[in-house]
$ cat start.txt   # compact mmCIF, C-alpha atoms
# COMPACT_ATOMS: atom_id res chain seq x y z
CA MET A 1 142.45 -65.79 179.56
CA SER A 2 143.48 -64.25 176.25
CA ARG A 3 141.64 -61.45 174.46
CA ALA A 4 140.65 -63.84 171.69
CA SER A 5 139.10 -66.23 174.25
CA ASN A 6 137.18 -63.36 175.84
CA TRP A 7 135.84 -62.41 172.44
CA ARG A 8 134.66 -65.92 171.67
CA SER A 9 132.99 -66.47 175.05
CA GLY A 10 131.29 -63.07 174.84
CA ALA A 11 130.02 -63.81 171.36
CA ASP A 12 128.65 -67.22 172.42
CA SER A 13 126.95 -66.02 175.60
CA GLY A 14 125.44 -62.93 173.98
CA ALA A 15 124.56 -64.40 170.62
CA ALA A 16 120.84 -64.13 171.27
CA GLY A 17 119.70 -60.99 173.05
CA GLU A 18 116.27 -59.49 173.33
CA ASP A 19 116.81 -57.42 170.21
CA GLY A 20 118.49 -60.15 168.19
CA PRO A 21 122.07 -61.34 167.69
CA VAL A 22 124.81 -59.41 169.48
CA THR A 23 127.92 -58.52 167.46
CA VAL A 24 131.18 -58.18 169.38
CA GLU A 25 133.93 -56.34 167.49
CA ALA A 26 137.60 -57.07 168.11
CA GLU A 27 139.50 -54.20 169.72
CA GLN A 28 141.69 -52.36 167.23
CA PRO A 29 145.17 -51.02 168.10
CA PRO A 30 145.50 -47.25 168.45
CA ALA A 31 146.13 -45.31 165.26
CA GLY A 32 149.81 -44.78 164.57
CA ALA A 33 150.90 -47.59 166.86
CA GLU A 34 152.12 -49.86 164.11
CA VAL A 35 154.08 -52.72 165.65
CA GLY A 36 156.44 -54.60 163.40
CA ARG A 37 157.67 -58.10 163.89
CA TYR A 38 160.57 -57.02 166.05
CA GLY A 39 159.48 -53.73 167.61
CA SER A 40 157.47 -50.54 167.42
CA VAL A 41 157.93 -48.11 164.55
CA ARG A 42 156.52 -45.30 166.67
CA ARG A 43 159.03 -45.86 169.47
CA ALA A 44 161.98 -45.94 167.07
CA VAL A 45 160.84 -42.82 165.23
CA SER A 46 160.32 -41.02 168.56
CA VAL A 47 163.88 -41.85 169.60
CA LEU A 48 165.25 -40.74 166.22
CA GLY A 49 163.39 -37.44 166.34
CA SER A 50 164.33 -36.75 169.95
CA VAL A 51 168.03 -37.39 169.36
CA ALA A 52 168.03 -35.18 166.24
CA ALA A 53 166.18 -32.37 168.04
CA VAL A 54 168.62 -32.41 170.97
CA ILE A 55 171.63 -32.30 168.63
CA VAL A 56 170.22 -29.42 166.56
CA ALA A 57 169.38 -27.39 169.68
CA ALA A 58 172.79 -28.04 171.26
CA ASP A 59 174.60 -27.23 168.00
CA LEU A 60 172.78 -23.92 167.57
CA ALA A 61 173.39 -22.98 171.21
CA THR A 62 177.12 -23.74 171.13
CA LYS A 63 177.60 -21.90 167.83
CA GLN A 64 175.82 -18.84 169.15
CA LEU A 65 177.88 -18.97 172.32
CA ALA A 66 181.10 -19.25 170.27
CA LEU A 67 180.13 -16.24 168.12
CA SER A 68 179.38 -14.11 171.17
CA ALA A 69 182.37 -15.14 173.31
CA LEU A 70 185.18 -15.73 170.79
CA ASN A 71 186.88 -13.71 168.06
CA TYR A 72 188.60 -14.76 164.86
CA ARG A 73 192.09 -13.70 165.94
CA ASP A 74 192.72 -15.32 169.30
CA ASP A 75 192.63 -18.97 170.33
CA VAL A 76 191.40 -19.98 173.77
CA THR A 77 193.20 -22.82 175.53
CA VAL A 78 190.77 -25.14 177.33
CA ILE A 79 193.02 -28.14 178.03
CA PRO A 80 196.67 -27.54 177.00
CA GLY A 81 197.73 -29.93 174.28
CA VAL A 82 194.21 -31.37 173.97
CA LEU A 83 191.42 -28.85 173.41
CA TYR A 84 191.24 -25.28 172.12
CA TRP A 85 188.55 -22.86 170.93
CA SER A 86 189.45 -21.44 167.50
CA LEU A 87 186.59 -19.61 165.79
CA ILE A 88 186.38 -19.78 161.97
CA ARG A 89 183.76 -19.65 159.20
CA ASN A 90 183.94 -22.78 157.06
CA SER A 91 182.69 -22.82 153.46
CA GLY A 92 183.44 -26.55 153.07
CA ALA A 93 181.95 -29.74 154.42
CA ALA A 94 182.56 -31.38 157.78
CA PHE A 95 186.09 -30.75 159.07
CA SER A 96 186.63 -28.02 156.40
CA LEU A 97 186.68 -30.45 153.47
CA GLY A 98 185.75 -29.28 149.95
CA SER A 99 185.76 -25.53 150.58
CA GLY A 100 185.36 -24.70 146.90
CA TYR A 101 182.01 -26.49 146.48
CA THR A 102 179.81 -24.81 149.08
CA TRP A 103 176.57 -24.96 147.07
CA ILE A 104 176.75 -28.75 146.68
CA PHE A 105 176.65 -29.54 150.40
CA PRO A 106 173.12 -28.28 151.11
CA LEU A 107 171.80 -30.39 148.25
CA VAL A 108 173.59 -33.48 149.57
CA THR A 109 172.28 -32.77 153.07
CA ILE A 110 168.69 -32.43 151.84
CA ALA A 111 169.04 -35.77 150.05
CA VAL A 112 170.34 -37.37 153.28
CA VAL A 113 167.43 -35.94 155.28
CA ILE A 114 164.93 -37.34 152.75
CA TRP A 115 166.65 -40.75 152.85
CA ILE A 116 166.52 -40.85 156.66
CA GLY A 117 162.82 -39.90 156.53
CA TRP A 118 162.18 -42.79 154.17
CA MET A 119 164.17 -45.15 156.41
CA ALA A 120 162.14 -44.05 159.43
CA THR A 121 159.00 -45.63 157.96
CA ARG A 122 160.70 -49.04 158.23
CA LEU A 123 162.70 -48.44 161.40
CA ARG A 124 162.11 -50.56 164.51
CA SER A 125 165.56 -50.70 166.09
CA VAL A 126 166.35 -48.22 168.88
CA PRO A 127 170.15 -48.42 168.34
CA TRP A 128 169.61 -47.66 164.66
CA ALA A 129 167.25 -44.85 165.64
CA ILE A 130 170.01 -43.32 167.80
CA SER A 131 172.52 -43.66 164.96
CA LEU A 132 170.25 -42.08 162.36
CA GLY A 133 169.17 -39.41 164.85
CA LEU A 134 172.81 -38.40 165.35
CA VAL A 135 173.34 -38.23 161.59
CA LEU A 136 170.12 -36.30 161.04
CA GLY A 137 170.85 -33.83 163.84
CA GLY A 138 174.36 -33.19 162.59
CA ALA A 139 173.20 -32.77 159.01
CA LEU A 140 170.42 -30.35 159.97
CA GLY A 141 172.70 -28.34 162.25
CA ASN A 142 175.11 -27.51 159.44
CA LEU A 143 172.31 -27.18 156.88
CA LEU A 144 170.82 -24.32 158.90
CA ASP A 145 174.17 -22.52 158.64
CA ARG A 146 174.24 -23.09 154.88
CA LEU A 147 170.78 -21.65 154.46
CA PHE A 148 170.73 -18.72 156.89
CA ARG A 149 174.29 -17.49 157.47
CA GLU A 150 176.37 -15.18 155.30
CA PRO A 151 177.05 -14.79 152.45
CA GLY A 152 173.59 -16.14 151.51
CA PRO A 153 171.22 -19.10 151.06
CA PHE A 154 172.98 -22.35 150.03
CA LEU A 155 176.31 -20.49 150.28
CA GLY A 156 176.37 -19.81 154.02
CA HIS A 157 179.56 -20.54 155.92
CA VAL A 158 179.38 -22.97 158.84
CA VAL A 159 180.55 -21.85 162.27
CA ASP A 160 183.41 -24.08 163.50
CA PHE A 161 185.28 -23.53 166.76
CA VAL A 162 186.64 -26.80 168.21
CA SER A 163 190.34 -27.48 167.66
CA VAL A 164 192.07 -30.51 169.15
CA PHE A 165 195.74 -31.16 170.00
CA GLN A 166 196.87 -27.79 168.59
CA PRO A 167 195.24 -24.35 168.26
CA SER A 168 193.92 -23.08 164.92
CA GLY A 169 193.52 -26.58 163.51
CA GLY A 170 197.24 -27.24 163.46
CA ALA A 171 196.85 -30.98 164.07
CA PHE A 172 193.26 -31.65 162.95
CA PRO A 173 190.63 -29.63 161.07
CA ILE A 174 188.48 -27.35 163.22
CA PHE A 175 184.95 -28.68 163.68
CA ASN A 176 181.71 -28.19 165.61
CA LEU A 177 179.13 -30.25 167.50
CA ALA A 178 177.15 -31.06 164.34
CA ASP A 179 180.28 -32.51 162.70
CA SER A 180 180.95 -34.65 165.76
CA SER A 181 177.36 -35.89 165.91
CA LEU A 182 177.34 -36.83 162.24
CA SER A 183 180.65 -38.68 162.55
CA VAL A 184 179.60 -40.59 165.68
CA GLY A 185 176.32 -41.55 164.02
CA VAL A 186 178.10 -42.96 160.97
CA VAL A 187 180.57 -44.92 163.12
CA LEU A 188 177.69 -46.33 165.18
CA ALA A 189 175.88 -47.36 161.97
CA VAL A 190 178.98 -49.21 160.77
CA LEU A 191 179.28 -51.02 164.13
CA LEU A 192 175.61 -52.01 164.00
CA GLU A 193 176.09 -53.44 160.51
CA LEU A 194 179.23 -55.33 161.55
CA THR A 195 177.47 -56.86 164.57
CA GLY A 196 174.49 -57.98 162.49
CA ARG A 197 171.92 -55.62 163.96
CA GLN A 198 169.17 -54.90 161.45
CA ARG A 199 167.05 -51.78 161.14
CA ASP A 200 163.88 -53.82 161.77
CA GLY A 201 165.20 -54.71 165.24
CA SER A 202 166.32 -58.24 164.44
CA ARG A 203 169.87 -59.50 164.64
CA ILE A 204 171.76 -61.87 162.35
CA SER A 205 173.62 -64.45 164.43
CA SER A 206 176.99 -65.96 163.62
CA GLU A 207 175.15 -68.97 162.19
CA GLY A 208 173.30 -66.71 159.76
CA ARG A 209 169.95 -67.03 161.54
CA THR A 210 167.82 -63.99 162.29
CA LYS A 211 167.11 -63.53 165.98
CA PRO A 212 164.31 -61.38 167.45
CA ALA A 213 165.31 -58.20 169.20
CA PRO A 214 165.70 -58.37 173.00
CA GLY A 215 162.37 -57.68 174.73
CA SER A 216 160.33 -58.06 171.55
CA SER A 217 157.12 -60.07 171.39
CA ASP A 218 158.86 -62.63 169.17
CA GLU A 219 161.55 -63.22 171.79
CA LYS A 220 158.91 -63.69 174.49
CA ASP A 221 156.94 -66.10 172.31
CA SER A 222 160.05 -68.18 171.52
CA SER A 223 161.11 -68.31 175.18
CA SER A 224 157.63 -69.33 176.36
CA ALA A 225 157.52 -72.05 173.73
$ encode --input "start.txt" --output "C-alpha cells"
Amino acid sequence: MSRASNWRSGADSGAAGEDGPVTVEAEQPPAGAEVGRYGSVRRAVSVLGSVAAVIVAADLATKQLALSALNYRDDVTVIPGVLYWSLIRNSGAAFSLGSGYTWIFPLVTIAVVIWIGWMATRLRSVPWAISLGLVLGGALGNLLDRLFREPGPFLGHVVDFVSVFQPSGGAFPIFNLADSSLSVGVVLAVLLELTGRQRDGSRISSEGRTKPAPGSSDEKDSSSA
C-alpha cells in the first residue's frame, strides 16, 4: 500500500477522536535531500566534492614529494622513453602556457570555481559530477600554488615535475597531477556532451527524445507502466 493510501485511510479512521478531529500530516523529505526529476542533487554534489578533494590532496602530496626528492638540475628516468621526473617552477598556465601572464590565471581559476559552484545547484548527473570534480580539483590544486608559493600571492609559480617521452619537456610540456586532472575532466565533459548526457541526469537519444537516467524514479515509473 502506498504512503498516500496510508495517509487517507488513517485520516478516515481517525477523523473523529475523543478530543475532536485528528489531523494527519504528510511526511516531509529530509532537509537538503532535494530530488530532481532525474536524480539527487545531494548525491551529485557529494560526488563532485569528493572527487575534487581527492585530486587536491593528491596534487599537494605529489608536489611536496617532488620538491623534497628532486632538484632543478637533474632528471630522473622512471620509464625510459616514456616517463621522467623533471622539476621546474612554472609561471604560466597548464603545460607551461602563457608564462608572461601569471596574474591572470588565478582570476580565471576563481571564475571557473564560481561557475562550477553555480552548476552544482542544478547538477544531478554522477558522470557530470565526476567531470566537474576533476576540473575543480585541478583548478584548485594550481590555484593554491598561485596564491601561496613564491614570488607572492597571485604571482606564485606552479610546481611541475612530470615529463613524458623525453626528459626536461623535450617532447611535451612538463605538467603535474592538477594539469592532468583538469584536462581529463574537460575531455570527459566533451564526451558527455557528444553522447547526449545532460547535467540533470537525463540523456538525449538519437531520435531527439529525452530519456530518464538509468536507475532514476522516472525510469522505474516508465518501465512499470
$ atom_distance --input "start.txt" --atom1 "CA of Leu83 in chain A" --atom2 "CA of Val162 in chain A"
7.4 Å
$ atom_distance --input "start.txt" --atom1 "CA of Ile79 in chain A" --atom2 "CA of Phe165 in chain A"
9.0 Å
$ closest_residue --input "start.txt" --among "A:Asn71, A:Ser50, A:Ser205, A:Ser131" --to "Val184 in chain A" --atoms "only C-alpha atoms"
A:Ser131
$ residues_around --input "start.txt" --residues "Arg149 in chain A" --least-positions-apart "6" --cutoff "12 Å" --atoms "all atoms listed in the file" --output "compact mmCIF listing (two decimals) with C-alpha atoms, keeping the file's coordinate frame"
# COMPACT_ATOMS: atom_id res chain seq x y z
CA LYS A 63 177.60 -21.90 167.83
CA GLN A 64 175.82 -18.84 169.15
CA ARG A 89 183.76 -19.65 159.20
CA ASN A 90 183.94 -22.78 157.06
CA SER A 91 182.69 -22.82 153.46
CA GLY A 141 172.70 -28.34 162.25
CA ASN A 142 175.11 -27.51 159.44
CA LEU A 143 172.31 -27.18 156.88
CA LEU A 155 176.31 -20.49 150.28
CA GLY A 156 176.37 -19.81 154.02
CA HIS A 157 179.56 -20.54 155.92
CA VAL A 158 179.38 -22.97 158.84
CA VAL A 159 180.55 -21.85 162.27
$ residues_around --input "start.txt" --residues "range 119-129 of chain A" --least-positions-apart "6" --cutoff "10 Å" --atoms "all atoms listed in the file" --output "number ranges by chain"
A: 35-52, 113, 135, 185, 188-189, 192-193, 197-203, 213
$ atom_distance --input "start.txt" --atom1 "CA of Ile130 in chain A" --atom2 "CA of Arg146 in chain A"
24.4 Å
$ residues_around --input "start.txt" --residues "Asp59 in chain A" --least-positions-apart "4" --cutoff "12 Å" --atoms "only C-alpha atoms" --output "PyMOL selection string"
chain A and resi 52-55+63-66+134+137-145+158-161+175-182
$ residues_near_point --input "start.txt" --point "(191.1, -22.5, 172.8)" --cutoff "10 Å" --atoms "all atoms listed in the file" --output "JSON, numbers by chain"
{"A": [70, 74, 75, 76, 77, 78, 79, 80, 82, 83, 84, 85, 86, 87, 161, 162, 163, 164, 166, 167, 168]}
$ closest_residue --input "start.txt" --among "A:Leu67, A:Phe148, A:Ile116, A:Val108" --to "Gly133 in chain A" --atoms "all atoms listed in the file"
A:Ile116
$ closest_residue --input "start.txt" --among "A:Arg73, A:Leu136, A:Gly81, A:Ser68" --to "Ala171 in chain A" --atoms "only C-alpha atoms"
A:Gly81
$ closest_residue --input "start.txt" --among "A:Ile174, A:Ala69, A:Leu132, A:Thr102" --to "Trp115 in chain A" --atoms "all atoms listed in the file"
A:Leu132
$ closest_residue --input "start.txt" --among "A:Pro173, A:Ser183, A:Val112, A:Tyr72" --to "Gly92 in chain A" --atoms "only C-alpha atoms"
A:Pro173
$ axis_aligned_box --input "start.txt" --around "range 165-180 of chain A" --padding-each-side "4 Å" --output "lines of an AutoDock Vina configuration file"
center_x = 187.2
center_y = -28.9
center_z = 165.5
size_x = 28.1
size_y = 19.6
size_z = 16.9
